[in-house]
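Dumped protein.cif below, it's mmCIF, C-alpha atoms:
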```cif
data_entry
#
loop_
_atom_site.label_atom_id
_atom_site.label_comp_id
_atom_site.auth_asym_id
_atom_site.auth_seq_id
_atom_site.Cartn_x
_atom_site.Cartn_y
_atom_site.Cartn_z
CA MET G 1 44.28 -23.46 -91.17
CA ARG G 2 43.33 -27.08 -91.46
CA GLU G 3 39.58 -26.65 -91.07
CA THR G 4 37.58 -25.19 -93.90
CA VAL G 5 35.63 -22.00 -93.39
CA THR G 6 32.41 -23.91 -93.88
CA ALA G 7 33.23 -26.38 -91.14
CA ILE G 8 34.20 -23.60 -88.75
CA VAL G 9 31.05 -21.62 -89.38
CA LYS G 10 28.81 -24.64 -88.88
CA SER G 11 30.50 -25.77 -85.68
CA GLN G 12 30.69 -22.27 -84.24
CA LYS G 13 27.02 -21.62 -84.98
CA PHE G 14 26.21 -24.75 -83.00
CA LEU G 15 28.30 -23.48 -80.09
CA MET G 16 26.60 -20.10 -80.16
CA ASP G 17 23.16 -21.69 -80.17
CA GLU G 18 24.01 -24.18 -77.46
CA SER G 19 25.81 -21.79 -75.13
CA SER G 20 22.66 -19.70 -74.85
CA ARG G 21 21.07 -22.68 -73.13
CA VAL G 22 23.66 -22.90 -70.36
CA GLY G 23 21.91 -23.11 -67.02
CA ARG G 24 22.86 -23.39 -63.42
CA LEU G 25 25.75 -25.81 -63.85
CA GLY G 26 27.65 -23.43 -66.07
CA ARG G 27 30.34 -25.12 -68.14
CA ARG G 28 29.29 -28.63 -67.09
CA GLY G 29 25.69 -27.98 -68.10
CA PHE G 30 26.93 -26.71 -71.44
CA LEU G 31 28.94 -29.90 -71.91
CA LYS G 32 26.05 -32.19 -71.08
CA GLY G 33 23.79 -30.32 -73.47
CA THR G 34 26.20 -30.43 -76.37
CA LEU G 35 27.11 -34.06 -75.84
CA ALA G 36 23.46 -35.07 -75.64
CA ALA G 37 22.89 -33.26 -78.92
CA GLY G 38 25.66 -35.28 -80.54
CA SER G 39 28.32 -32.58 -80.75
CA ALA G 40 31.96 -33.45 -80.18
CA LEU G 41 32.75 -29.83 -79.29
CA THR G 42 35.26 -29.67 -82.13
CA ALA G 43 34.71 -26.03 -83.07
CA VAL G 44 37.86 -23.99 -83.62
CA PRO G 45 37.37 -20.32 -82.71
CA ALA G 46 39.30 -17.72 -84.69
CA TRP G 47 41.76 -17.01 -81.85
CA LEU G 48 42.72 -20.68 -81.62
CA ALA G 49 42.82 -21.23 -85.36
CA ALA G 50 45.19 -18.27 -85.70
CA ALA G 51 47.61 -19.81 -83.19
CA GLU G 52 47.38 -23.22 -84.84
CA SER G 53 48.12 -21.79 -88.28
CA GLN G 54 51.70 -21.24 -87.08
CA VAL G 55 52.31 -24.96 -86.42
CA PRO G 56 54.68 -26.38 -89.07
CA ALA G 57 52.98 -28.88 -91.36
CA GLY G 58 53.44 -32.47 -90.29
CA ARG G 59 54.54 -31.69 -86.73
CA LYS G 60 52.80 -33.60 -83.91
CA LEU G 61 52.86 -33.28 -80.14
CA ARG G 62 52.36 -36.40 -78.04
CA VAL G 63 49.83 -35.86 -75.24
CA GLY G 64 48.83 -37.85 -72.18
CA HIS G 65 45.52 -36.97 -70.52
CA ILE G 66 44.74 -37.68 -66.87
CA GLY G 67 41.31 -37.25 -65.28
CA CYS G 68 38.33 -38.54 -67.27
CA GLY G 69 35.52 -36.76 -65.44
CA SER G 70 33.14 -34.13 -66.82
CA VAL G 71 35.78 -31.64 -67.95
CA SER G 72 37.52 -34.27 -70.07
CA HIS G 73 34.39 -34.49 -72.23
CA ALA G 74 35.38 -31.09 -73.61
CA TYR G 75 39.16 -31.42 -73.59
CA LEU G 76 39.48 -34.81 -75.29
CA PRO G 77 37.27 -34.09 -78.33
CA SER G 78 39.01 -30.77 -78.82
CA MET G 79 42.44 -32.39 -78.81
CA ALA G 80 41.42 -35.52 -80.73
CA GLU G 81 40.36 -33.55 -83.79
CA ALA G 82 43.61 -31.51 -83.93
CA GLU G 83 45.91 -32.90 -86.61
CA PHE G 84 49.02 -31.81 -84.71
CA ILE G 85 48.12 -33.68 -81.50
CA GLU G 86 48.68 -37.40 -80.94
CA LEU G 87 46.76 -38.68 -77.93
CA VAL G 88 49.07 -41.36 -76.55
CA SER G 89 47.62 -42.26 -73.15
CA VAL G 90 44.61 -41.68 -70.96
CA CYS G 91 44.39 -42.22 -67.21
CA ASP G 92 41.79 -42.23 -64.45
CA ILE G 93 41.51 -43.75 -60.97
CA ILE G 94 38.17 -45.15 -62.12
CA PRO G 95 39.42 -47.52 -64.85
CA GLU G 96 36.05 -47.74 -66.60
CA ARG G 97 36.07 -44.01 -67.29
CA ALA G 98 39.55 -44.14 -68.78
CA GLN G 99 38.66 -47.16 -70.90
CA SER G 100 35.54 -45.45 -72.21
CA ALA G 101 37.49 -42.32 -73.13
CA ALA G 102 40.14 -44.40 -74.88
CA GLN G 103 37.57 -46.25 -76.94
CA GLU G 104 35.72 -43.08 -77.92
CA HIS G 105 38.83 -41.21 -79.03
CA LYS G 106 40.97 -44.14 -80.21
CA ILE G 107 43.66 -43.64 -77.57
CA PRO G 108 45.95 -46.69 -77.54
CA HIS G 109 47.10 -46.80 -73.89
CA VAL G 110 45.01 -46.77 -70.70
CA PHE G 111 46.33 -46.47 -67.14
CA PRO G 112 44.80 -46.45 -63.62
CA ASN G 113 47.23 -43.98 -61.97
CA ILE G 114 49.84 -41.34 -62.75
CA ASP G 115 52.83 -43.54 -61.88
CA ALA G 116 51.78 -46.25 -64.31
CA MET G 117 51.04 -43.63 -66.95
CA LEU G 118 54.46 -42.00 -66.65
CA GLY G 119 56.05 -45.44 -66.78
CA GLY G 120 54.33 -46.19 -70.10
CA PRO G 121 54.85 -44.74 -73.59
CA LYS G 122 56.47 -41.30 -73.57
CA PHE G 123 54.56 -38.12 -74.28
CA ASP G 124 55.47 -34.43 -74.44
CA LEU G 125 52.55 -32.78 -72.64
CA LEU G 126 50.45 -33.96 -69.70
CA VAL G 127 46.91 -32.53 -69.63
CA ASN G 128 45.63 -32.63 -66.05
CA THR G 129 41.86 -32.43 -65.52
CA THR G 130 41.74 -34.25 -62.20
CA SER G 131 40.05 -32.77 -59.09
CA MET G 132 41.63 -29.60 -57.69
CA PRO G 133 43.22 -31.29 -54.64
CA SER G 134 45.02 -33.66 -57.04
CA HIS G 135 46.53 -30.98 -59.26
CA TYR G 136 49.75 -30.35 -57.32
CA PRO G 137 50.87 -33.97 -56.75
CA VAL G 138 50.02 -34.99 -60.32
CA ASN G 139 51.68 -31.92 -61.83
CA LYS G 140 54.79 -32.47 -59.73
CA LYS G 141 55.21 -36.06 -60.86
CA ALA G 142 54.79 -35.11 -64.50
CA LEU G 143 57.37 -32.33 -64.24
CA GLU G 144 59.80 -34.66 -62.48
CA ALA G 145 59.41 -37.03 -65.42
CA GLY G 146 60.35 -34.23 -67.83
CA CYS G 147 56.87 -33.55 -69.22
CA ASN G 148 55.35 -30.19 -70.02
CA VAL G 149 52.08 -29.71 -68.12
CA TRP G 150 48.76 -28.06 -68.84
CA SER G 151 46.75 -28.09 -65.60
CA GLU G 152 43.16 -27.19 -64.93
CA LYS G 153 42.93 -24.41 -62.36
CA PRO G 154 44.58 -23.93 -60.02
CA MET G 155 47.99 -25.60 -60.57
CA ALA G 156 48.23 -26.18 -56.79
CA LEU G 157 46.25 -25.25 -53.70
CA GLU G 158 49.08 -23.48 -51.86
CA VAL G 159 51.46 -20.80 -53.11
CA LYS G 160 54.54 -22.59 -51.79
CA ASP G 161 53.60 -25.65 -53.84
CA ALA G 162 53.09 -23.54 -56.95
CA HIS G 163 56.54 -21.99 -56.47
CA GLU G 164 57.94 -25.50 -56.22
CA LEU G 165 56.28 -26.46 -59.50
CA LEU G 166 57.67 -23.43 -61.33
CA ASP G 167 61.16 -24.05 -59.98
CA LEU G 168 60.92 -27.73 -60.92
CA ALA G 169 59.79 -26.92 -64.45
CA LYS G 170 62.74 -24.57 -64.90
CA LYS G 171 65.14 -27.18 -63.56
CA LYS G 172 63.79 -29.85 -65.91
CA GLY G 173 63.70 -27.54 -68.93
CA VAL G 174 59.94 -27.88 -69.44
CA GLN G 175 56.93 -25.61 -68.98
CA ILE G 176 53.76 -25.56 -66.91
CA TRP G 177 50.57 -23.61 -67.52
CA ALA G 178 47.30 -23.44 -65.62
CA ALA G 179 43.77 -22.63 -66.72
CA PRO G 180 41.80 -20.47 -67.16
CA THR G 181 42.36 -19.11 -70.65
CA CYS G 182 40.54 -15.77 -70.24
CA VAL G 183 43.49 -13.66 -71.45
CA VAL G 184 43.35 -15.11 -74.97
CA SER G 185 39.75 -14.13 -75.70
CA PRO G 186 39.18 -11.39 -78.31
CA GLN G 187 37.15 -9.46 -75.76
CA PHE G 188 40.04 -9.47 -73.27
CA ARG G 189 42.39 -8.16 -75.95
CA TYR G 190 39.86 -5.46 -76.89
CA MET G 191 39.50 -4.30 -73.27
CA SER G 192 43.25 -4.38 -72.71
CA ASP G 193 43.82 -2.21 -75.77
CA MET G 194 41.13 0.23 -74.62
CA ILE G 195 42.70 0.48 -71.17
CA GLN G 196 46.32 0.73 -72.30
CA GLY G 197 45.35 3.23 -75.00
CA GLY G 198 43.70 5.53 -72.46
CA LYS G 199 40.33 5.24 -74.18
CA ILE G 200 38.41 5.21 -70.89
CA GLY G 201 40.70 7.64 -69.11
CA ARG G 202 42.41 6.70 -65.89
CA VAL G 203 41.13 3.29 -64.78
CA THR G 204 39.86 3.33 -61.21
CA ALA G 205 37.88 0.14 -60.51
CA GLY G 206 36.74 -3.25 -61.73
CA HIS G 207 34.13 -5.81 -60.78
CA GLY G 208 33.67 -9.49 -61.59
CA THR G 209 30.96 -11.99 -60.75
CA TYR G 210 30.44 -15.70 -61.36
CA GLY G 211 28.18 -18.03 -59.41
CA HIS G 212 25.47 -20.68 -59.52
CA GLY G 213 23.69 -23.11 -57.24
CA GLY G 214 26.69 -25.38 -56.80
CA PRO G 215 27.97 -28.61 -58.36
CA THR G 216 26.05 -31.80 -57.63
CA TRP G 217 28.38 -34.45 -58.98
CA SER G 218 31.36 -34.52 -56.61
CA ALA G 219 32.02 -33.93 -52.92
CA TRP G 220 35.45 -32.34 -53.29
CA PHE G 221 33.90 -29.03 -54.38
CA TYR G 222 32.63 -28.62 -50.80
CA GLU G 223 35.61 -30.06 -48.95
CA LYS G 224 39.05 -28.66 -48.08
CA GLY G 225 40.74 -27.62 -51.29
CA GLY G 226 37.46 -26.92 -53.09
CA GLY G 227 35.12 -23.97 -52.84
CA SER G 228 33.57 -21.36 -55.09
CA LEU G 229 36.63 -19.10 -55.26
CA TYR G 230 39.00 -21.76 -56.62
CA ASP G 231 36.33 -23.20 -58.91
CA LEU G 232 34.50 -20.11 -60.19
CA GLY G 233 35.99 -16.87 -58.91
CA VAL G 234 39.37 -17.84 -60.37
CA TYR G 235 38.10 -16.75 -63.81
CA ASN G 236 37.30 -13.24 -62.64
CA VAL G 237 40.56 -12.96 -60.68
CA THR G 238 42.48 -13.96 -63.80
CA THR G 239 40.61 -11.47 -65.99
CA LEU G 240 40.85 -8.53 -63.58
CA THR G 241 44.53 -9.03 -62.77
CA GLY G 242 45.19 -9.42 -66.49
CA LEU G 243 43.45 -6.11 -67.22
CA LEU G 244 44.39 -4.03 -64.17
CA GLY G 245 47.76 -5.53 -63.24
CA PRO G 246 49.21 -7.54 -60.34
CA VAL G 247 47.55 -7.21 -56.95
CA LYS G 248 49.36 -5.55 -54.04
CA GLU G 249 46.99 -6.44 -51.20
CA VAL G 250 43.75 -8.29 -50.57
CA VAL G 251 40.75 -8.16 -48.27
CA GLY G 252 38.41 -11.14 -48.33
CA MET G 253 35.33 -12.57 -46.69
CA THR G 254 34.04 -16.11 -47.12
CA ALA G 255 31.10 -18.04 -45.70
CA VAL G 256 29.63 -21.54 -45.53
CA MET G 257 25.87 -21.22 -45.86
CA ASN G 258 24.82 -24.89 -45.95
CA LYS G 259 25.91 -27.32 -43.26
CA THR G 260 25.60 -30.22 -45.68
CA ARG G 261 25.17 -30.90 -49.40
CA LYS G 262 23.93 -33.92 -51.32
CA VAL G 263 26.25 -35.02 -54.11
CA GLU G 264 26.28 -37.91 -56.53
CA ASP G 265 29.52 -39.59 -55.49
CA LYS G 266 29.20 -39.56 -51.67
CA GLY G 267 25.62 -38.72 -50.78
CA GLU G 268 25.30 -36.17 -47.97
CA VAL G 269 28.56 -34.44 -47.06
CA THR G 270 29.60 -31.73 -44.60
CA VAL G 271 30.44 -28.43 -46.26
CA THR G 272 33.80 -26.97 -45.20
CA ALA G 273 34.87 -24.97 -48.29
CA ASP G 274 33.62 -21.48 -49.14
CA GLU G 275 30.18 -21.25 -50.72
CA ASN G 276 29.92 -17.46 -50.73
CA THR G 277 32.94 -15.23 -51.25
CA MET G 278 33.68 -11.52 -51.55
CA LEU G 279 37.19 -10.49 -52.58
CA VAL G 280 38.58 -6.94 -52.79
CA MET G 281 41.90 -6.40 -54.57
CA HIS G 282 44.18 -3.34 -54.57
CA HIS G 283 46.19 -3.24 -57.79
CA GLY G 284 48.27 -0.28 -56.66
CA ASN G 285 47.95 3.47 -57.24
CA GLY G 286 44.45 3.45 -55.77
CA VAL G 287 43.01 1.06 -58.38
CA PHE G 288 40.57 -1.42 -56.81
CA SER G 289 38.63 -4.39 -58.09
CA HIS G 290 36.07 -6.69 -56.55
CA VAL G 291 35.04 -10.30 -57.21
CA GLN G 292 31.87 -11.92 -55.92
CA THR G 293 31.41 -15.63 -56.37
CA GLY G 294 29.42 -18.43 -54.83
CA PHE G 295 27.64 -21.75 -54.94
CA VAL G 296 24.54 -20.03 -53.48
CA TYR G 297 23.47 -17.82 -56.38
CA PHE G 298 20.11 -17.40 -58.10
CA GLU G 299 20.37 -19.51 -61.22
CA PRO G 300 17.85 -18.46 -63.90
CA GLU G 301 19.66 -15.14 -64.33
CA ALA G 302 22.66 -16.94 -65.87
CA PRO G 303 24.17 -14.87 -68.69
CA SER G 304 24.26 -16.02 -72.29
CA ARG G 305 25.07 -14.70 -75.72
CA GLU G 306 21.44 -13.67 -76.08
CA ARG G 307 21.17 -11.76 -72.82
CA LYS G 308 23.16 -8.72 -71.75
CA VAL G 309 24.01 -9.81 -68.24
CA TYR G 310 27.35 -8.26 -67.33
CA THR G 311 29.98 -10.31 -65.50
CA ILE G 312 33.02 -8.04 -65.82
CA ASP G 313 32.88 -4.25 -65.44
CA ILE G 314 35.78 -1.82 -65.76
CA THR G 315 35.36 1.83 -64.75
CA GLY G 316 37.58 4.77 -65.72
CA THR G 317 37.45 8.52 -65.46
CA ASP G 318 36.32 8.85 -69.09
CA GLY G 319 34.42 5.65 -69.82
CA SER G 320 33.42 2.13 -68.87
CA LEU G 321 33.61 -1.41 -70.28
CA HIS G 322 31.11 -4.20 -69.61
CA VAL G 323 31.49 -7.84 -70.70
CA GLN G 324 28.33 -9.52 -71.97
CA GLY G 325 28.29 -13.08 -70.68
CA TRP G 326 30.88 -14.99 -68.70
CA ASP G 327 34.53 -14.04 -69.16
CA TRP G 328 35.11 -17.69 -70.13
CA SER G 329 32.50 -17.30 -72.88
CA PRO G 330 32.06 -13.60 -73.68
CA ALA G 331 29.70 -12.33 -76.35
CA ALA G 332 30.74 -8.69 -76.66
CA VAL G 333 31.97 -5.67 -74.74
CA ASP G 334 29.52 -2.80 -74.14
CA VAL G 335 31.35 0.53 -74.12
CA ALA G 336 30.49 4.02 -72.94
CA THR G 337 32.94 6.93 -73.23
CA ARG G 338 32.88 10.66 -72.60
CA GLY G 339 30.79 12.16 -75.38
CA HIS G 340 29.30 8.75 -76.22
CA ALA G 341 27.66 7.82 -72.94
CA ILE G 342 25.08 5.41 -74.38
CA LEU G 343 26.43 1.86 -74.17
CA GLN G 344 27.42 0.45 -77.53
CA PRO G 345 28.29 -3.25 -78.10
CA GLN G 346 31.78 -3.77 -79.50
CA CYS G 347 33.99 -6.77 -80.26
CA ARG G 348 31.13 -9.03 -81.28
CA GLU G 349 32.91 -12.16 -82.43
CA LYS G 350 31.19 -14.24 -85.11
CA TRP G 351 33.27 -17.20 -83.96
CA PRO G 352 33.18 -17.04 -80.17
CA TYR G 353 35.94 -17.74 -77.72
CA GLU G 354 35.29 -20.65 -75.32
CA TRP G 355 37.08 -21.93 -72.23
CA VAL G 356 37.88 -25.18 -74.08
CA GLY G 357 41.14 -25.00 -75.95
CA GLY G 358 43.84 -24.14 -73.42
CA ALA G 359 45.73 -27.42 -73.76
CA ARG G 360 45.39 -27.30 -77.51
CA TYR G 361 46.66 -23.70 -77.52
CA VAL G 362 49.81 -24.43 -75.51
CA ALA G 363 50.42 -27.54 -77.64
CA SER G 364 50.47 -25.29 -80.71
CA CYS G 365 52.86 -22.93 -78.90
CA LEU G 366 55.23 -25.79 -78.09
CA LEU G 367 55.31 -26.89 -81.71
CA SER G 368 55.55 -23.45 -83.31
CA GLY G 369 57.74 -21.67 -80.79
CA GLN G 370 55.12 -18.99 -80.16
CA LYS G 371 55.18 -17.34 -76.75
CA SER G 372 52.05 -18.24 -74.83
CA LEU G 373 49.87 -15.41 -73.54
CA ILE G 374 48.98 -17.69 -70.63
CA THR G 375 51.91 -17.87 -68.21
CA ALA G 376 52.80 -19.86 -65.12
CA GLU G 377 53.68 -16.65 -63.28
CA HIS G 378 50.19 -15.26 -63.82
CA GLY G 379 48.66 -18.53 -62.64
CA LEU G 380 50.80 -18.46 -59.49
CA HIS G 381 49.82 -14.85 -58.81
CA VAL G 382 46.11 -15.65 -59.12
CA LEU G 383 46.59 -18.51 -56.67
CA GLU G 384 48.34 -16.22 -54.19
CA VAL G 385 45.49 -13.72 -54.42
CA MET G 386 42.96 -16.48 -53.68
CA ASN G 387 45.08 -17.81 -50.80
CA ALA G 388 45.23 -14.26 -49.44
CA CYS G 389 41.45 -14.01 -49.55
CA HIS G 390 41.14 -17.04 -47.28
CA GLU G 391 43.89 -15.73 -45.01
CA SER G 392 42.10 -12.39 -44.73
CA GLN G 393 38.91 -14.17 -43.69
CA ALA G 394 40.80 -16.18 -41.08
CA THR G 395 42.72 -13.23 -39.62
CA GLY G 396 40.51 -10.22 -40.28
CA ARG G 397 43.48 -8.40 -41.84
CA ARG G 398 44.56 -6.99 -45.17
CA ILE G 399 47.00 -9.43 -46.74
CA ALA G 400 49.99 -8.32 -48.81
CA VAL G 401 50.64 -10.15 -52.10
CA GLU G 402 54.27 -10.73 -53.03
CA SER G 403 54.20 -12.32 -56.48
CA ALA G 404 53.79 -10.55 -59.81
CA PHE G 405 53.78 -11.33 -63.53
CA LYS G 406 54.65 -9.56 -66.79
CA TRP G 407 52.07 -6.84 -67.33
CA PRO G 408 50.48 -5.50 -69.42
CA ILE G 409 49.89 -8.72 -71.28
CA PHE G 410 49.45 -6.75 -74.53
CA GLY G 411 51.19 -3.56 -75.50
#
```
Spell out the structure here as structure tokens.
Amino acid sequence: MRETVTAIVKSQKFLMDESSRVGRLGRRGFLKGTLAAGSALTAVPAWLAAAESQVPAGRKLRVGHIGCGSVSHAYLPSMAEAEFIELVSVCDIIPERAQSAAQEHKIPHVFPNIDAMLGGPKFDLLVNTTSMPSHYPVNKKALEAGCNVWSEKPMALEVKDAHELLDLAKKKGVQIWAAPTCVVSPQFRYMSDMIQGGKIGRVTAGHGTYGHGGPTWSAWFYEKGGGSLYDLGVYNVTTLTGLLGPVKEVVGMTAVMNKTRKVEDKGEVTVTADENTMLVMHHGNGVFSHVQTGFVYFEPEAPSRERKVYTIDITGTDGSLHVQGWDWSPAAVDVATRGHAILQPQCREKWPYEWVGGARYVASCLLSGQKSLITAEHGLHVLEVMNACHESQATGRRIAVESAFKWPIFG
């Protein structure tokens, strides 16, 4: 590993302290807090450091980053401090944002759109942190140009478009991945091992929750292609499908609870995307799970590493598992089993997993030849489940899910 133990401990302690202060804006609030405190978010959790230790010395991957909004303030520092990543280009439709990012991270080339970026200096991996409605067209152009792609979630808004991206990647001999990174957390691995090892008996049900009062900085969250399910619930869908297996059918209900919202970029806008969502998934063999998510949730009860608010629960015939904190930033897993019914915290990681690091992780996989635990097929399946939720709301029917992915992820 390139970082010293001392550096890791110091940076991770900062993350643990800061993440406890996350408020209603979730990951964005965390980012603003850490940046204001002068952190570059350069901590390397143990799971990521282990993957990076496999990268051959001296190897570098050229990266182009598009989308210089709030999420980039986590991605760019994380990549900039990795010795095996060379940030070649940065791009944003607001040129001032791209220029600022380039100056801060010493990125030599700045572009105002994806076409100009792809026409500039070559790079191996495009990191796409644009708005959700822009993911598919940007990802498609990058794949057509022969670039590997790491996309923020989801990789597209429609399943047919996601299928097109996977087929295009295969044709071009490159790869595409989509956030989130939940399946690489130590807590996910712990729960998967418990489930696959029969430690909680026959698994019967799961529950996930993630919500807050709603983003204030951009209108697209509340417009077609946005919504709480694609933005927040996607984490829980990824975790639960990863633990319980591909979904066979879906029942969903969604609601708009505010006619309008005030946002920073457009003022008052009409809300058309889901603000309150309930999703029920059948994983087959009578195993059910449920996700609740929304932009209309009570905020002070936000979980942290200092508070045992559960966001993922798995129930079996002989035990139960409960994730402390968000599944994108878990603190531990509380466990109860037959004969030991009092909940006991397990898998307390000294160096916590964070949602930042997906692009850096797949970059290390490309250089080392490791097989990524995050797969395009899983990302497509999660998208189909979310599409099915909206279709169920529109039709009042159960919706069959056709896609699948390699499962179990471990074991």
### Message
Neighbouring residues of Val159 of chain G were defined as those with any atom within 9 Å, considering all atoms listed in the file; residues of the same chain fewer than 6 positions away were excluded. Please report them as an NGL selection string.
### Response
:G and (380-381 or 383-384 or 387)
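Here atom CA of Ser218 of chain G and atom CA of Glu264 of chain G stand 6.1 Å from one another.
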### Task
Using all atoms listed in the file, pick whichever of G:Pro133, G:Gly146, G:Gly316, G:Pro186 has the shortest atom-to-atom distance to Tyr222 of chain G.
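The closest residue to Tyr222 of chain G is G:Pro133.
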### Message
Considering all atoms listed in the file, can you say which of G:Pro77, G:Gly213, G:Gly319, G:Pro108 comes closest to Cys91 of chain G?
### Response
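Going through G:Pro77, G:Gly213, G:Gly319, G:Pro108 one by one, the smallest distance to Cys91 of chain G is for G:Pro108.
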#### Entry: Atomic distance atom CA of Ile94 of chain G - atom CA of Ala162 of chain G, expressed in Å with one decimal
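That distance, rounded to one decimal, is 26.8 Å.
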Requested file, segment 281-301 of chain G restricted to N, CA and C atoms, as a compact mmCIF listing (two decimals), in the first residue's frame:
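File out03.txt, as written:
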```txt
# COMPACT_ATOMS: atom_id res chain seq x y z
N MET G 281 -40.29 -6.22 -3.22
CA MET G 281 -39.61 -7.10 -4.17
C MET G 281 -39.76 -8.56 -3.75
N HIS G 282 -40.05 -9.42 -4.71
CA HIS G 282 -40.08 -10.87 -4.48
C HIS G 282 -38.82 -11.45 -5.13
N HIS G 283 -37.95 -12.03 -4.29
CA HIS G 283 -36.69 -12.57 -4.77
C HIS G 283 -36.81 -14.04 -5.17
N GLY G 284 -37.98 -14.57 -5.11
CA GLY G 284 -38.20 -15.98 -5.41
C GLY G 284 -38.25 -16.81 -4.16
N ASN G 285 -38.92 -17.98 -4.26
CA ASN G 285 -39.02 -18.92 -3.13
C ASN G 285 -39.63 -18.28 -1.88
N GLY G 286 -40.50 -17.31 -2.09
CA GLY G 286 -41.20 -16.70 -0.97
C GLY G 286 -40.40 -15.70 -0.18
N VAL G 287 -39.23 -15.31 -0.67
CA VAL G 287 -38.38 -14.33 0.03
C VAL G 287 -38.75 -12.93 -0.45
N PHE G 288 -39.15 -12.06 0.48
CA PHE G 288 -39.57 -10.70 0.14
C PHE G 288 -38.63 -9.68 0.77
N SER G 289 -38.54 -8.52 0.12
CA SER G 289 -37.88 -7.38 0.74
C SER G 289 -38.63 -6.11 0.38
N HIS G 290 -38.36 -5.08 1.15
CA HIS G 290 -39.13 -3.84 1.05
C HIS G 290 -38.19 -2.65 1.19
N VAL G 291 -38.35 -1.67 0.32
CA VAL G 291 -37.57 -0.43 0.39
C VAL G 291 -38.53 0.74 0.54
N GLN G 292 -38.24 1.61 1.48
CA GLN G 292 -38.98 2.86 1.59
C GLN G 292 -37.97 4.00 1.44
N THR G 293 -38.34 4.97 0.61
CA THR G 293 -37.43 6.07 0.34
C THR G 293 -38.22 7.32 0.00
N GLY G 294 -37.64 8.49 0.26
CA GLY G 294 -38.38 9.70 -0.04
C GLY G 294 -37.61 10.97 0.19
N PHE G 295 -38.10 12.03 -0.42
CA PHE G 295 -37.60 13.38 -0.19
C PHE G 295 -38.50 14.11 0.81
N VAL G 296 -39.29 13.37 1.58
CA VAL G 296 -40.26 13.96 2.51
C VAL G 296 -40.12 13.32 3.89
N TYR G 297 -38.88 13.06 4.29
CA TYR G 297 -38.63 12.35 5.54
C TYR G 297 -38.14 13.30 6.63
N PHE G 298 -38.52 12.98 7.87
CA PHE G 298 -38.02 13.66 9.05
C PHE G 298 -36.50 13.58 9.08
N GLU G 299 -35.85 14.72 9.26
CA GLU G 299 -34.41 14.77 9.04
C GLU G 299 -33.53 14.56 10.27
N PRO G 300 -33.88 15.07 11.45
CA PRO G 300 -32.95 14.96 12.58
C PRO G 300 -32.63 13.53 12.98
N GLU G 301 -33.45 12.57 12.54
CA GLU G 301 -33.23 11.17 12.92
C GLU G 301 -32.22 10.49 11.99
```
